Structures are given as structure tokens and as C-alpha cells.
Amino acid sequence: GAVVSQHPSRVICKSGTSVKIECRSLDFQATTMFWYRQFPKKSLMLMATSNEGSKATYEQGVEKDKFLINHASLTLSTLTVTSAHPEDSSFYICSARSSAFTGELFFGEGSRLTVL
Amino acid sequence: AQSVTQLGSHVSVSEGALVLLRCNYSSSVPPYLFWYVQYPNQGLQLLLKYTSAATLVKGINGFEAEFKKSETSFHLTKPSAHMSDAAEYFCAVSVALTGGYNKLIFGAGTRLAVHP
């Protein structure tokens, strides 16, 4: 199956700093990528839909100035958590769409962010 | 609006016993439905998907699910549980967006424990 890679898998940062997480589709072109956030022992919450070459569409309640998403190419989307605070600590997962018809998504391994 | 409900946040079975994880969906249009598995600190792996073809869908690792429109259900089963099946399982429905894209809406998840 298609492979989606996230980097870094784990990151620890100080409060107030910004952190960038990369999501790459390794063997296919992803016109659409999705960013999810997962709280401990909880389900995945969709944060935003990222379309190559255009602005991301954010879900209600997600601060777009806080979570900057860039989808500059068909194989790379980035999520930047700006001025991170401890409440931003979470597991962030990206996914990429392989085919609009079937709706199947392939998921990255996730990135665990810890803000001290 | 489309949604999924997973009944039972925790399910515990003995090794070799039947696994049954329940998922009910709500959709105003024919849905695409998915089951994903998540191991600790990892992303999601697709187990199987229903895309309006056969109602009984076979997936990886011996899992299968049956789409029942009359019951709006898509329960996941496996005849004989293995210790390695212990994980978090998510049911999801694909939601169509404008422009032909789609996003997944996840259920709350069911944690499967398998004991000797």
C-alpha cells in the first residue's frame, strides 16, 4: 500500500517556541492531506484539510494562526504549531488521500509533541 | 451529517474467542465505511473498507465486517482472537466535500484487550 511518512516522530520543545511537523507521501501524489489531533485515549479530531497549492480549510474551533498548514507540493504538507504551549501537547497524525473515488486515506506514523 | 458510533469503549476477550466490535453509522447518502487499527504511539492502519460493492468485506489479519443497511451497522469481527490483536480500533465514515474531496469522521474508538 501507499506510504505516508511523518517527521519527527517525537519532539519536545519549550513553551513559546514553534514546531514544524512534516508529512510526506513517499510513493504517490497526494492532492489532499488531512491533519488530525489525538488526545490521550481519545479519537482523532480532524484539524484541517490541506490541498496542494491552496489555503488549508480548518475545522470549526481550530485556530488557523496557531496551527499553520502548508501544502507546497504534491508530496509534502507541513503543520507548524506556533508559540506552542503545554495544552498543545498531543499526538498529531497526517493522512493523504490516494483516490477521491474510494475515499481511502493512508496515515502517517504520527508525531508526539510535548511542550514543557 | 455523517457520523459513526462505536458501542463499547473497551472490549476484552480470551485468546481464541470471537471478536465483535460494534459500529453504527448515520448517513444521508450511501456511505463509504472503514475500520482502522492503531497500535500504541503509531498511526492508523487500514483493516478493511466498504465502498458499495460486496456487503461482506474481508480485511487483513483475519478480520471482516458486514455492511447492513437495514441496521445501519458495520460491525467488525474475527473468529479467533490472537494476543497481537490487542489494540485500538476505529470505525470511520467518509464524508464528501465540495470539489470531489472527502474526509474521514472517526468513531470514539474501541480498545480491544486479549487475555490468555
# chains A, B, ... in the order shown; residues from 1 in each chain; ligands from 1

call {"tool": "residues_around", "arguments": {"residues": "Ala96 of chain A", "least_positions_apart": "6", "cutoff": "12 Å", "atoms": "only C-alpha atoms", "output": "ChimeraX atom specification"}}
result
/A:2-6,23-36,49-52,71,74-77,103-108 /B:44,101-104

call {"tool": "interface_residues", "arguments": {"of": "chain B", "to": "chain A", "cutoff": "12 Å", "atoms": "only C-alpha atoms", "output": "MDAnalysis selection string"}}
result
chainID B and resid 4:6 9:10 31:53 87:111

call {"tool": "write_last_selection", "arguments": {"atoms": "N, CA and C atoms", "output": "compact mmCIF listing (two decimals), in the first residue's frame"}}
result
# COMPACT_ATOMS: atom_id res chain seq x y z
N VAL B 4 -20.40 8.24 13.02
CA VAL B 4 -20.33 6.84 13.41
C VAL B 4 -20.32 6.76 14.93
N THR B 5 -20.91 5.70 15.44
CA THR B 5 -20.95 5.45 16.87
C THR B 5 -20.41 4.07 17.14
N GLN B 6 -19.41 4.00 17.98
CA GLN B 6 -18.86 2.71 18.36
C GLN B 6 -19.37 2.38 19.76
N SER B 9 -16.39 1.20 24.69
CA SER B 9 -15.06 1.80 24.57
C SER B 9 -13.98 0.75 24.86
N HIS B 10 -14.35 -0.29 25.60
CA HIS B 10 -13.41 -1.35 25.93
C HIS B 10 -14.09 -2.71 25.71
N PRO B 31 -22.92 5.37 2.29
CA PRO B 31 -21.63 5.70 2.91
C PRO B 31 -20.48 4.84 2.40
N TYR B 32 -19.29 5.38 2.55
CA TYR B 32 -18.09 4.56 2.49
C TYR B 32 -17.66 4.38 3.95
N LEU B 33 -17.41 3.17 4.35
CA LEU B 33 -17.09 2.87 5.75
C LEU B 33 -15.76 2.17 5.87
N PHE B 34 -15.08 2.43 6.95
CA PHE B 34 -13.73 1.90 7.14
C PHE B 34 -13.55 1.43 8.58
N TRP B 35 -12.65 0.47 8.74
CA TRP B 35 -12.14 0.10 10.05
C TRP B 35 -10.63 0.24 10.01
N TYR B 36 -10.12 0.96 11.04
CA TYR B 36 -8.69 1.15 11.19
C TYR B 36 -8.25 0.58 12.53
N VAL B 37 -6.99 0.16 12.60
CA VAL B 37 -6.40 -0.30 13.84
C VAL B 37 -5.21 0.60 14.18
N GLN B 38 -5.07 0.89 15.46
CA GLN B 38 -3.96 1.71 15.92
C GLN B 38 -3.25 1.03 17.07
N TYR B 39 -1.96 0.79 16.90
CA TYR B 39 -1.14 0.26 17.98
C TYR B 39 -0.53 1.45 18.73
N PRO B 40 -0.12 1.27 19.97
CA PRO B 40 0.37 2.39 20.79
C PRO B 40 1.42 3.22 20.09
N ASN B 41 1.24 4.53 20.14
CA ASN B 41 2.18 5.51 19.59
C ASN B 41 2.45 5.30 18.10
N GLN B 42 1.47 4.81 17.41
CA GLN B 42 1.61 4.65 15.96
C GLN B 42 0.42 5.28 15.24
N GLY B 43 0.56 5.40 13.93
CA GLY B 43 -0.54 5.90 13.14
C GLY B 43 -1.60 4.83 12.95
N LEU B 44 -2.47 5.05 11.99
CA LEU B 44 -3.57 4.12 11.76
C LEU B 44 -3.29 3.23 10.56
N GLN B 45 -3.71 1.99 10.68
CA GLN B 45 -3.56 1.05 9.59
C GLN B 45 -4.95 0.59 9.15
N LEU B 46 -5.19 0.63 7.86
CA LEU B 46 -6.49 0.21 7.36
C LEU B 46 -6.67 -1.30 7.47
N LEU B 47 -7.77 -1.71 8.10
CA LEU B 47 -8.11 -3.12 8.19
C LEU B 47 -8.95 -3.55 6.99
N LEU B 48 -9.98 -2.75 6.72
CA LEU B 48 -10.87 -3.06 5.61
C LEU B 48 -11.74 -1.84 5.32
N LYS B 49 -12.42 -1.91 4.15
CA LYS B 49 -13.27 -0.80 3.77
C LYS B 49 -14.48 -1.30 2.98
N TYR B 50 -15.58 -0.59 3.12
CA TYR B 50 -16.78 -0.87 2.36
C TYR B 50 -17.02 0.31 1.43
N THR B 51 -17.14 0.00 0.12
CA THR B 51 -17.35 1.07 -0.85
C THR B 51 -18.48 0.73 -1.81
N SER B 52 -19.55 0.17 -1.28
CA SER B 52 -20.79 -0.13 -2.00
C SER B 52 -20.69 -1.33 -2.94
N ALA B 53 -19.69 -2.15 -2.76
CA ALA B 53 -19.60 -3.39 -3.54
C ALA B 53 -20.19 -4.50 -2.67
N ALA B 87 -5.31 -3.82 20.60
CA ALA B 87 -5.04 -2.50 20.00
C ALA B 87 -6.29 -1.65 20.13
N GLU B 88 -6.22 -0.46 19.56
CA GLU B 88 -7.38 0.42 19.48
C GLU B 88 -7.94 0.32 18.07
N TYR B 89 -9.26 0.21 17.98
CA TYR B 89 -9.90 0.06 16.69
C TYR B 89 -10.87 1.23 16.46
N PHE B 90 -10.79 1.79 15.27
CA PHE B 90 -11.63 2.93 14.93
C PHE B 90 -12.47 2.62 13.70
N CYS B 91 -13.75 2.92 13.82
CA CYS B 91 -14.66 2.87 12.69
C CYS B 91 -14.74 4.29 12.13
N ALA B 92 -14.84 4.41 10.81
CA ALA B 92 -14.88 5.75 10.21
C ALA B 92 -15.80 5.76 9.00
N VAL B 93 -16.37 6.92 8.74
CA VAL B 93 -17.21 7.12 7.57
C VAL B 93 -16.60 8.23 6.73
N SER B 94 -16.67 8.07 5.43
CA SER B 94 -16.12 9.06 4.53
C SER B 94 -17.18 10.10 4.21
N VAL B 95 -16.81 11.34 4.34
CA VAL B 95 -17.73 12.45 4.11
C VAL B 95 -17.29 13.18 2.86
N ALA B 96 -18.20 13.34 1.93
CA ALA B 96 -17.87 14.03 0.69
C ALA B 96 -17.81 15.53 0.91
N LEU B 97 -16.78 16.15 0.32
CA LEU B 97 -16.64 17.59 0.39
C LEU B 97 -16.81 18.17 -1.00
N THR B 98 -16.92 19.44 -1.10
CA THR B 98 -17.01 20.08 -2.41
C THR B 98 -15.70 19.88 -3.16
N GLY B 99 -15.81 19.81 -4.46
CA GLY B 99 -14.61 19.61 -5.26
C GLY B 99 -14.24 18.15 -5.39
N GLY B 100 -15.07 17.25 -4.89
CA GLY B 100 -14.77 15.83 -5.03
C GLY B 100 -13.86 15.27 -3.96
N TYR B 101 -13.39 16.10 -3.05
CA TYR B 101 -12.54 15.58 -1.99
C TYR B 101 -13.40 14.95 -0.91
N ASN B 102 -12.77 14.32 0.05
CA ASN B 102 -13.52 13.72 1.14
C ASN B 102 -12.67 13.67 2.39
N LYS B 103 -13.32 13.55 3.52
CA LYS B 103 -12.61 13.45 4.78
C LYS B 103 -13.24 12.33 5.59
N LEU B 104 -12.51 11.83 6.54
CA LEU B 104 -13.00 10.76 7.40
C LEU B 104 -13.45 11.31 8.73
N ILE B 105 -14.59 10.81 9.17
CA ILE B 105 -15.07 11.10 10.51
C ILE B 105 -14.95 9.82 11.31
N PHE B 106 -14.26 9.90 12.43
CA PHE B 106 -13.97 8.71 13.21
C PHE B 106 -14.93 8.54 14.37
N GLY B 107 -15.15 7.28 14.72
CA GLY B 107 -15.84 6.98 15.97
C GLY B 107 -14.88 7.18 17.13
N ALA B 108 -15.39 6.99 18.32
CA ALA B 108 -14.60 7.25 19.52
C ALA B 108 -13.53 6.20 19.76
N GLY B 109 -13.65 5.07 19.09
CA GLY B 109 -12.65 4.02 19.25
C GLY B 109 -13.06 2.97 20.26
N THR B 110 -12.57 1.76 20.05
CA THR B 110 -12.78 0.65 20.98
C THR B 110 -11.44 0.01 21.25
N ARG B 111 -11.10 -0.06 22.51
CA ARG B 111 -9.84 -0.69 22.89
C ARG B 111 -10.10 -2.17 23.11

call {"tool": "select_by_dssp", "arguments": {"residues": "chain A", "states": "strand (DSSP E or B)", "output": "PyMOL selection string"}}
result
chain A and resi 4-7+10-13+19-25+32-38+44-51+57-58+67-73+76-81+90-97+105-107+111-115

call {"tool": "residues_around", "arguments": {"residues": "Glu15 of chain B", "least_positions_apart": "4", "cutoff": "12 Å", "atoms": "only C-alpha atoms", "output": "JSON, numbers by chain"}}
result
{"B": [19, 78, 79, 80, 81, 82, 83, 84, 85, 86, 112, 113, 114, 115, 116]}

call {"tool": "write_last_selection", "arguments": {"atoms": "C-alpha atoms", "output": "PDB file, in the first residue's frame"}}
result
ATOM      1  CA  VAL B  19     -14.039 -10.730  18.465  1.00  0.00           C
ATOM      2  CA  LYS B  78     -12.730 -12.041  13.820  1.00  0.00           C
ATOM      3  CA  PRO B  79     -13.440 -15.713  14.555  1.00  0.00           C
ATOM      4  CA  SER B  80     -10.461 -16.294  16.824  1.00  0.00           C
ATOM      5  CA  ALA B  81      -8.634 -13.582  18.726  1.00  0.00           C
ATOM      6  CA  HIS B  82      -4.874 -13.505  18.931  1.00  0.00           C
ATOM      7  CA  MET B  83      -2.779 -11.727  21.508  1.00  0.00           C
ATOM      8  CA  SER B  84      -1.390  -9.488  18.772  1.00  0.00           C
ATOM      9  CA  ASP B  85      -4.898  -8.177  18.058  1.00  0.00           C
ATOM     10  CA  ALA B  86      -4.812  -6.089  21.225  1.00  0.00           C
ATOM     11  CA  LEU B 112      -9.548  -4.446  22.464  1.00  0.00           C
ATOM     12  CA  ALA B 113      -7.798  -6.422  25.164  1.00  0.00           C
ATOM     13  CA  VAL B 114      -6.934 -10.083  24.613  1.00  0.00           C
ATOM     14  CA  HIS B 115      -6.076 -12.197  27.620  1.00  0.00           C
ATOM     15  CA  PRO B 116      -4.622 -15.701  27.754  1.00  0.00           C
TER      16      PRO B 116
END

call {"tool": "closest_residue", "arguments": {"among": "A:Phe39, A:Phe67, A:Leu113, A:Thr57", "to": "Ser83 of chain A", "atoms": "only C-alpha atoms"}}
result
A:Phe67

call {"tool": "closest_residue", "arguments": {"among": "B:Ser12, B:Leu18, B:Pro30, B:Gln2", "to": "Gly62 of chain B", "atoms": "only C-alpha atoms"}}
result
B:Leu18

call {"tool": "atom_distance", "arguments": {"atom1": "atom CA of Lys55 of chain A", "atom2": "atom CA of Val29 of chain B"}}
result
28.0 Å

call {"tool": "residues_around", "arguments": {"residues": "Glu71 of chain B", "least_positions_apart": "6", "cutoff": "12 Å", "atoms": "only C-alpha atoms", "output": "PDB file with C-alpha atoms, in the first residue's frame"}}
result
ATOM      1  CA  ARG B  22     -19.699  -2.700  17.021  1.00  0.00           C
ATOM      2  CA  CYS B  23     -20.121   0.296  14.761  1.00  0.00           C
ATOM      3  CA  ASN B  24     -23.300   2.063  13.697  1.00  0.00           C
ATOM      4  CA  TYR B  25     -23.342   4.844  11.174  1.00  0.00           C
ATOM      5  CA  SER B  26     -25.561   7.726  10.256  1.00  0.00           C
TER       6      SER B  26
END

call {"tool": "atom_distance", "arguments": {"atom1": "atom CA of Ser73 of chain B", "atom2": "atom CA of Thr55 of chain B"}}
result
10.9 Å

call {"tool": "atom_distance", "arguments": {"atom1": "atom CA of Ser27 of chain B", "atom2": "atom CA of Gly59 of chain B"}}
result
22.8 Å

call {"tool": "residues_around", "arguments": {"residues": "Ala84 of chain A", "least_positions_apart": "6", "cutoff": "8 Å", "atoms": "only C-alpha atoms", "output": "MDAnalysis selection string"}}
result
chainID A and resid 14:19 115

call {"tool": "decode", "arguments": {"residues": "segment 33-61 of chain B", "atoms": "N, CA and C atoms", "output": "PDB file, in the first residue's frame"}}
result
ATOM      1  N   LEU B  33     -17.409   3.167   4.354  1.00  0.00           N
ATOM      2  CA  LEU B  33     -17.093   2.873   5.746  1.00  0.00           C
ATOM      3  C   LEU B  33     -15.756   2.166   5.866  1.00  0.00           C
ATOM      4  N   PHE B  34     -15.080   2.425   6.953  1.00  0.00           N
ATOM      5  CA  PHE B  34     -13.731   1.898   7.139  1.00  0.00           C
ATOM      6  C   PHE B  34     -13.548   1.426   8.578  1.00  0.00           C
ATOM      7  N   TRP B  35     -12.647   0.468   8.740  1.00  0.00           N
ATOM      8  CA  TRP B  35     -12.140   0.100  10.052  1.00  0.00           C
ATOM      9  C   TRP B  35     -10.633   0.245  10.014  1.00  0.00           C
ATOM     10  N   TYR B  36     -10.125   0.957  11.042  1.00  0.00           N
ATOM     11  CA  TYR B  36      -8.691   1.146  11.187  1.00  0.00           C
ATOM     12  C   TYR B  36      -8.253   0.575  12.529  1.00  0.00           C
ATOM     13  N   VAL B  37      -6.990   0.156  12.598  1.00  0.00           N
ATOM     14  CA  VAL B  37      -6.398  -0.299  13.845  1.00  0.00           C
ATOM     15  C   VAL B  37      -5.214   0.600  14.181  1.00  0.00           C
ATOM     16  N   GLN B  38      -5.070   0.885  15.460  1.00  0.00           N
ATOM     17  CA  GLN B  38      -3.957   1.711  15.920  1.00  0.00           C
ATOM     18  C   GLN B  38      -3.251   1.028  17.073  1.00  0.00           C
ATOM     19  N   TYR B  39      -1.961   0.786  16.903  1.00  0.00           N
ATOM     20  CA  TYR B  39      -1.144   0.264  17.982  1.00  0.00           C
ATOM     21  C   TYR B  39      -0.533   1.452  18.731  1.00  0.00           C
ATOM     22  N   PRO B  40      -0.115   1.266  19.968  1.00  0.00           N
ATOM     23  CA  PRO B  40       0.370   2.388  20.786  1.00  0.00           C
ATOM     24  C   PRO B  40       1.422   3.221  20.087  1.00  0.00           C
ATOM     25  N   ASN B  41       1.236   4.530  20.139  1.00  0.00           N
ATOM     26  CA  ASN B  41       2.183   5.506  19.588  1.00  0.00           C
ATOM     27  C   ASN B  41       2.451   5.302  18.101  1.00  0.00           C
ATOM     28  N   GLN B  42       1.468   4.814  17.407  1.00  0.00           N
ATOM     29  CA  GLN B  42       1.605   4.646  15.960  1.00  0.00           C
ATOM     30  C   GLN B  42       0.422   5.280  15.245  1.00  0.00           C
ATOM     31  N   GLY B  43       0.565   5.396  13.933  1.00  0.00           N
ATOM     32  CA  GLY B  43      -0.541   5.896  13.136  1.00  0.00           C
ATOM     33  C   GLY B  43      -1.598   4.826  12.953  1.00  0.00           C
ATOM     34  N   LEU B  44      -2.471   5.050  11.995  1.00  0.00           N
ATOM     35  CA  LEU B  44      -3.571   4.124  11.762  1.00  0.00           C
ATOM     36  C   LEU B  44      -3.290   3.235  10.559  1.00  0.00           C
ATOM     37  N   GLN B  45      -3.709   1.994  10.683  1.00  0.00           N
ATOM     38  CA  GLN B  45      -3.563   1.052   9.585  1.00  0.00           C
ATOM     39  C   GLN B  45      -4.947   0.592   9.150  1.00  0.00           C
ATOM     40  N   LEU B  46      -5.193   0.626   7.861  1.00  0.00           N
ATOM     41  CA  LEU B  46      -6.493   0.212   7.357  1.00  0.00           C
ATOM     42  C   LEU B  46      -6.671  -1.300   7.472  1.00  0.00           C
ATOM     43  N   LEU B  47      -7.774  -1.710   8.102  1.00  0.00           N
ATOM     44  CA  LEU B  47      -8.112  -3.124   8.187  1.00  0.00           C
ATOM     45  C   LEU B  47      -8.954  -3.550   6.991  1.00  0.00           C
ATOM     46  N   LEU B  48      -9.976  -2.747   6.723  1.00  0.00           N
ATOM     47  CA  LEU B  48     -10.869  -3.056   5.609  1.00  0.00           C
ATOM     48  C   LEU B  48     -11.739  -1.843   5.316  1.00  0.00           C
ATOM     49  N   LYS B  49     -12.422  -1.908   4.155  1.00  0.00           N
ATOM     50  CA  LYS B  49     -13.269  -0.795   3.766  1.00  0.00           C
ATOM     51  C   LYS B  49     -14.479  -1.303   2.980  1.00  0.00           C
ATOM     52  N   TYR B  50     -15.575  -0.592   3.123  1.00  0.00           N
ATOM     53  CA  TYR B  50     -16.777  -0.871   2.355  1.00  0.00           C
ATOM     54  C   TYR B  50     -17.019   0.307   1.432  1.00  0.00           C
ATOM     55  N   THR B  51     -17.140  -0.005   0.123  1.00  0.00           N
ATOM     56  CA  THR B  51     -17.347   1.071  -0.853  1.00  0.00           C
ATOM     57  C   THR B  51     -18.475   0.726  -1.811  1.00  0.00           C
ATOM     58  N   SER B  52     -19.548   0.172  -1.279  1.00  0.00           N
ATOM     59  CA  SER B  52     -20.787  -0.131  -2.004  1.00  0.00           C
ATOM     60  C   SER B  52     -20.685  -1.326  -2.938  1.00  0.00           C
ATOM     61  N   ALA B  53     -19.686  -2.145  -2.765  1.00  0.00           N
ATOM     62  CA  ALA B  53     -19.600  -3.391  -3.539  1.00  0.00           C
ATOM     63  C   ALA B  53     -20.194  -4.503  -2.667  1.00  0.00           C
ATOM     64  N   ALA B  54     -19.448  -5.549  -2.396  1.00  0.00           N
ATOM     65  CA  ALA B  54     -19.944  -6.644  -1.577  1.00  0.00           C
ATOM     66  C   ALA B  54     -20.207  -6.172  -0.154  1.00  0.00           C
ATOM     67  N   THR B  55     -21.299  -6.646   0.436  1.00  0.00           N
ATOM     68  CA  THR B  55     -21.646  -6.213   1.796  1.00  0.00           C
ATOM     69  C   THR B  55     -20.784  -6.875   2.853  1.00  0.00           C
ATOM     70  N   LEU B  56     -20.242  -8.037   2.555  1.00  0.00           N
ATOM     71  CA  LEU B  56     -19.311  -8.688   3.479  1.00  0.00           C
ATOM     72  C   LEU B  56     -17.898  -8.402   2.989  1.00  0.00           C
ATOM     73  N   VAL B  57     -17.178  -7.708   3.811  1.00  0.00           N
ATOM     74  CA  VAL B  57     -15.851  -7.253   3.420  1.00  0.00           C
ATOM     75  C   VAL B  57     -14.796  -7.980   4.231  1.00  0.00           C
ATOM     76  N   LYS B  58     -13.848  -8.531   3.556  1.00  0.00           N
ATOM     77  CA  LYS B  58     -12.748  -9.214   4.250  1.00  0.00           C
ATOM     78  C   LYS B  58     -11.536  -8.302   4.268  1.00  0.00           C
ATOM     79  N   GLY B  59     -10.867  -8.275   5.409  1.00  0.00           N
ATOM     80  CA  GLY B  59      -9.706  -7.413   5.546  1.00  0.00           C
ATOM     81  C   GLY B  59      -8.461  -8.192   5.901  1.00  0.00           C
ATOM     82  N   ILE B  60      -7.504  -7.460   6.426  1.00  0.00           N
ATOM     83  CA  ILE B  60      -6.250  -8.097   6.797  1.00  0.00           C
ATOM     84  C   ILE B  60      -6.350  -8.734   8.175  1.00  0.00           C
ATOM     85  N   ASN B  61      -5.393  -9.605   8.475  1.00  0.00           N
ATOM     86  CA  ASN B  61      -5.291 -10.237   9.793  1.00  0.00           C
ATOM     87  C   ASN B  61      -6.537 -11.025  10.190  1.00  0.00           C
TER      88      ASN B  61
END
